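J.: Dropping in data_5.pdb, with PDB, C-alpha atoms, pLDDT in the B column.
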MODEL        1
ATOM      1  CA  MET A   1       0.000   0.000   0.000  1.00 75.00           C
ATOM      2  CA  ALA A   2       1.253   3.452  -0.860  1.00 83.00           C
ATOM      3  CA  PRO A   3       2.565   5.625   1.987  1.00 83.00           C
ATOM      4  CA  ASP A   4      -0.084   8.269   1.219  1.00 87.00           C
ATOM      5  CA  ALA A   5      -2.819   5.656   1.659  1.00 86.00           C
ATOM      6  CA  LEU A   6      -1.332   4.530   4.970  1.00 87.00           C
ATOM      7  CA  ARG A   7      -1.244   8.132   6.187  1.00 86.00           C
ATOM      8  CA  PHE A   8      -4.863   8.627   5.060  1.00 88.00           C
ATOM      9  CA  PHE A   9      -5.980   5.535   6.991  1.00 88.00           C
ATOM     10  CA  ALA A  10      -4.017   6.690  10.031  1.00 88.00           C
ATOM     11  CA  ARG A  11      -5.764  10.085   9.913  1.00 88.00           C
ATOM     12  CA  ALA A  12      -9.109   8.265   9.561  1.00 88.00           C
ATOM     13  CA  GLY A  13      -8.357   6.326  12.756  1.00 86.00           C
ATOM     14  CA  LEU A  14      -8.030   2.921  11.073  1.00 89.00           C
ATOM     15  CA  LEU A  15      -4.280   2.464  11.528  1.00 87.00           C
ATOM     16  CA  SER A  16      -1.655   3.696  13.928  1.00 82.00           C
ATOM     17  CA  ASP A  17       0.626   6.368  12.511  1.00 72.00           C
ATOM     18  CA  ALA A  18       3.758   4.383  11.603  1.00 64.00           C
ATOM     19  CA  SER A  19       6.797   6.443  10.719  1.00 64.00           C
ATOM     20  CA  PRO A  20       8.395   5.602   7.348  1.00 60.00           C
ATOM     21  CA  GLY A  21      11.528   4.008   8.863  1.00 61.00           C
ATOM     22  CA  ALA A  22       9.780   2.151  11.691  1.00 65.00           C
ATOM     23  CA  ASP A  23       9.680  -1.619  11.908  1.00 68.00           C
ATOM     24  CA  VAL A  24       6.236  -2.805  10.842  1.00 76.00           C
ATOM     25  CA  THR A  25       4.790  -5.537  13.048  1.00 84.00           C
ATOM     26  CA  PRO A  26       2.854  -8.529  11.709  1.00 88.00           C
ATOM     27  CA  GLU A  27      -0.216  -7.174  13.533  1.00 88.00           C
ATOM     28  CA  TYR A  28       0.076  -3.860  11.670  1.00 87.00           C
ATOM     29  CA  ARG A  29       0.387  -5.670   8.332  1.00 89.00           C
ATOM     30  CA  GLU A  30      -2.667  -7.792   9.138  1.00 92.00           C
ATOM     31  CA  ARG A  31      -4.639  -4.671  10.040  1.00 91.00           C
ATOM     32  CA  VAL A  32      -3.640  -3.079   6.705  1.00 91.00           C
ATOM     33  CA  ARG A  33      -4.781  -6.229   4.859  1.00 93.00           C
ATOM     34  CA  PHE A  34      -8.058  -6.187   6.783  1.00 92.00           C
ATOM     35  CA  VAL A  35      -8.704  -2.555   5.827  1.00 92.00           C
ATOM     36  CA  GLN A  36      -7.911  -3.325   2.180  1.00 92.00           C
ATOM     37  CA  ARG A  37     -10.239  -6.349   2.106  1.00 90.00           C
ATOM     38  CA  ALA A  38     -13.032  -4.433   3.805  1.00 87.00           C
ATOM     39  CA  GLN A  39     -12.704  -1.640   1.252  1.00 87.00           C
ATOM     40  CA  GLN A  40     -12.790  -4.154  -1.589  1.00 87.00           C
ATOM     41  CA  LEU A  41     -16.021  -5.546  -0.141  1.00 78.00           C
ATOM     42  CA  GLY A  42     -17.473  -2.051  -0.280  1.00 78.00           C
ATOM     43  CA  PHE A  43     -17.411  -1.115   3.398  1.00 82.00           C
ATOM     44  CA  GLU A  44     -17.261   2.580   4.184  1.00 84.00           C
ATOM     45  CA  LEU A  45     -14.585   3.986   6.476  1.00 88.00           C
ATOM     46  CA  HIS A  46     -16.913   4.342   9.463  1.00 85.00           C
ATOM     47  CA  GLU A  47     -18.011   0.700   9.040  1.00 83.00           C
ATOM     48  CA  ILE A  48     -14.389  -0.465   8.906  1.00 87.00           C
ATOM     49  CA  ARG A  49     -13.623   1.637  11.999  1.00 86.00           C
ATOM     50  CA  ASN A  50     -16.515  -0.058  13.830  1.00 82.00           C
ATOM     51  CA  LEU A  51     -15.306  -3.539  12.869  1.00 83.00           C
ATOM     52  CA  LEU A  52     -11.782  -2.720  14.023  1.00 86.00           C
ATOM     53  CA  ALA A  53     -13.137  -1.347  17.304  1.00 83.00           C
ATOM     54  CA  ILE A  54     -14.946  -4.636  17.906  1.00 78.00           C
ATOM     55  CA  ASP A  55     -11.727  -6.537  17.179  1.00 75.00           C
ATOM     56  CA  ASP A  56      -9.853  -4.220  19.553  1.00 74.00           C
ATOM     57  CA  GLY A  57     -12.472  -4.840  22.251  1.00 70.00           C
ATOM     58  CA  VAL A  58     -13.688  -1.245  22.143  1.00 69.00           C
ATOM     59  CA  THR A  59     -17.397  -0.756  21.506  1.00 61.00           C
ATOM     60  CA  ASP A  60     -19.914   1.844  22.465  1.00 60.00           C
ATOM     61  CA  SER A  61     -21.892   0.850  25.520  1.00 55.00           C
ATOM     62  CA  THR A  62     -25.250   0.970  23.721  1.00 59.00           C
ATOM     63  CA  THR A  63     -24.492  -1.715  21.111  1.00 60.00           C
ATOM     64  CA  PRO A  64     -23.348  -5.166  22.234  1.00 63.00           C
ATOM     65  CA  PRO A  65     -20.392  -6.428  20.152  1.00 61.00           C
ATOM     66  CA  LEU A  66     -22.278  -9.447  18.814  1.00 66.00           C
ATOM     67  CA  ALA A  67     -25.145  -7.249  17.632  1.00 67.00           C
ATOM     68  CA  ALA A  68     -22.715  -4.972  15.811  1.00 62.00           C
ATOM     69  CA  VAL A  69     -21.031  -7.932  14.122  1.00 69.00           C
ATOM     70  CA  GLY A  70     -24.415  -9.427  13.236  1.00 76.00           C
ATOM     71  CA  SER A  71     -25.381  -6.182  11.555  1.00 75.00           C
ATOM     72  CA  GLN A  72     -22.169  -6.213   9.516  1.00 74.00           C
ATOM     73  CA  ILE A  73     -22.712  -9.853   8.520  1.00 81.00           C
ATOM     74  CA  GLU A  74     -26.229  -9.022   7.355  1.00 85.00           C
ATOM     75  CA  THR A  75     -24.809  -6.197   5.247  1.00 81.00           C
ATOM     76  CA  ILE A  76     -22.255  -8.546   3.674  1.00 82.00           C
ATOM     77  CA  GLU A  77     -24.949 -11.131   2.908  1.00 89.00           C
ATOM     78  CA  GLN A  78     -27.102  -8.464   1.237  1.00 89.00           C
ATOM     79  CA  ARG A  79     -24.135  -7.409  -0.899  1.00 84.00           C
ATOM     80  CA  ILE A  80     -23.461 -11.034  -1.899  1.00 88.00           C
ATOM     81  CA  ILE A  81     -27.094 -11.431  -2.996  1.00 94.00           C
ATOM     82  CA  ALA A  82     -26.932  -8.187  -5.003  1.00 93.00           C
ATOM     83  CA  LEU A  83     -23.684  -9.274  -6.681  1.00 90.00           C
ATOM     84  CA  MET A  84     -25.162 -12.666  -7.548  1.00 94.00           C
ATOM     85  CA  ARG A  85     -28.100 -10.907  -9.226  1.00 95.00           C
ATOM     86  CA  VAL A  86     -25.722  -8.790 -11.274  1.00 94.00           C
ATOM     87  CA  ARG A  87     -23.824 -11.882 -12.292  1.00 91.00           C
TER
ENDMDL
END
Go ahead and render the structure in this file as structure tokens.

T.:
Amino acid sequence: MAPDALRFFARAGLLSDASPGADVTPEYRERVRFVQRAQQLGFELHEIRNLLAIDDGVTDSTTPPLAAVGSQIETIEQRIIALMRVR
């Protein structure tokens, strides 16, 4: 991923702000791959941020983590159905 994209995702709160010469951990690389895959699936930045928050164990107190994940899964299933219709 281009450095500009990494900086954009860091400003959006999706990634930590890694300096150009810093050692990149496997966890950071996995998080970058997750963000890329989520974007490819059509998730918006706020949706990706919510999924990452669930993975990090940080959720708002009004929405239980499983409910938030269930909502995201439903969204994915709806997108799969729409793509199958297009196909």

J.: Would you please work out which residue, of A:Glu47, A:Leu83, A:Asp55, A:Ala5, is nearest to Ser71 (chain A) when using all atoms listed in the file?

T.: A:Glu47

J.: If you measure from CA of Pro26 (chain A) to CA of His46 (chain A), what distance in Å do you get, rounded to one decimal?

T.: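 A separation of 23.7 Å between them.
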
J.: Taking the file above as input, evaluate the PyMOL selection byres ((chain A and resi 45) around 12) and report the hits as a JSON list (two decimals) with C-alpha atoms, in the coordinates of the input.

T.:
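Saved the output as expr06.json:
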[["chain", "number", "residue", "atom", "x", "y", "z"],
["A", 8, "PHE", "CA", -4.86, 8.63, 5.06],
["A", 9, "PHE", "CA", -5.98, 5.54, 6.99],
["A", 10, "ALA", "CA", -4.02, 6.69, 10.03],
["A", 11, "ARG", "CA", -5.76, 10.09, 9.91],
["A", 12, "ALA", "CA", -9.11, 8.26, 9.56],
["A", 13, "GLY", "CA", -8.36, 6.33, 12.76],
["A", 14, "LEU", "CA", -8.03, 2.92, 11.07],
["A", 15, "LEU", "CA", -4.28, 2.46, 11.53],
["A", 35, "VAL", "CA", -8.70, -2.56, 5.83],
["A", 36, "GLN", "CA", -7.91, -3.32, 2.18],
["A", 38, "ALA", "CA", -13.03, -4.43, 3.80],
["A", 39, "GLN", "CA", -12.70, -1.64, 1.25],
["A", 40, "GLN", "CA", -12.79, -4.15, -1.59],
["A", 41, "LEU", "CA", -16.02, -5.55, -0.14],
["A", 42, "GLY", "CA", -17.47, -2.05, -0.28],
["A", 43, "PHE", "CA", -17.41, -1.12, 3.40],
["A", 44, "GLU", "CA", -17.26, 2.58, 4.18],
["A", 46, "HIS", "CA", -16.91, 4.34, 9.46],
["A", 47, "GLU", "CA", -18.01, 0.70, 9.04],
["A", 48, "ILE", "CA", -14.39, -0.46, 8.91],
["A", 49, "ARG", "CA", -13.62, 1.64, 12.00],
["A", 50, "ASN", "CA", -16.52, -0.06, 13.83],
["A", 51, "LEU", "CA", -15.31, -3.54, 12.87],
["A", 52, "LEU", "CA", -11.78, -2.72, 14.02]]

J.: Report the distance between CA of Arg31 (chain A) and CA of Ile80 (chain A) in Å, rounded to one decimal place.

T.: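 We find that CA of Arg31 (chain A) and CA of Ile80 (chain A) lie 23.2 Å from each other.
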
J.: Measure the distance from CA of Tyr28 (chain A) to CA of Gly70 (chain A) in Å and round it to one decimal.

T.: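 Rounded to one decimal, the two atoms are 25.2 Å apart.
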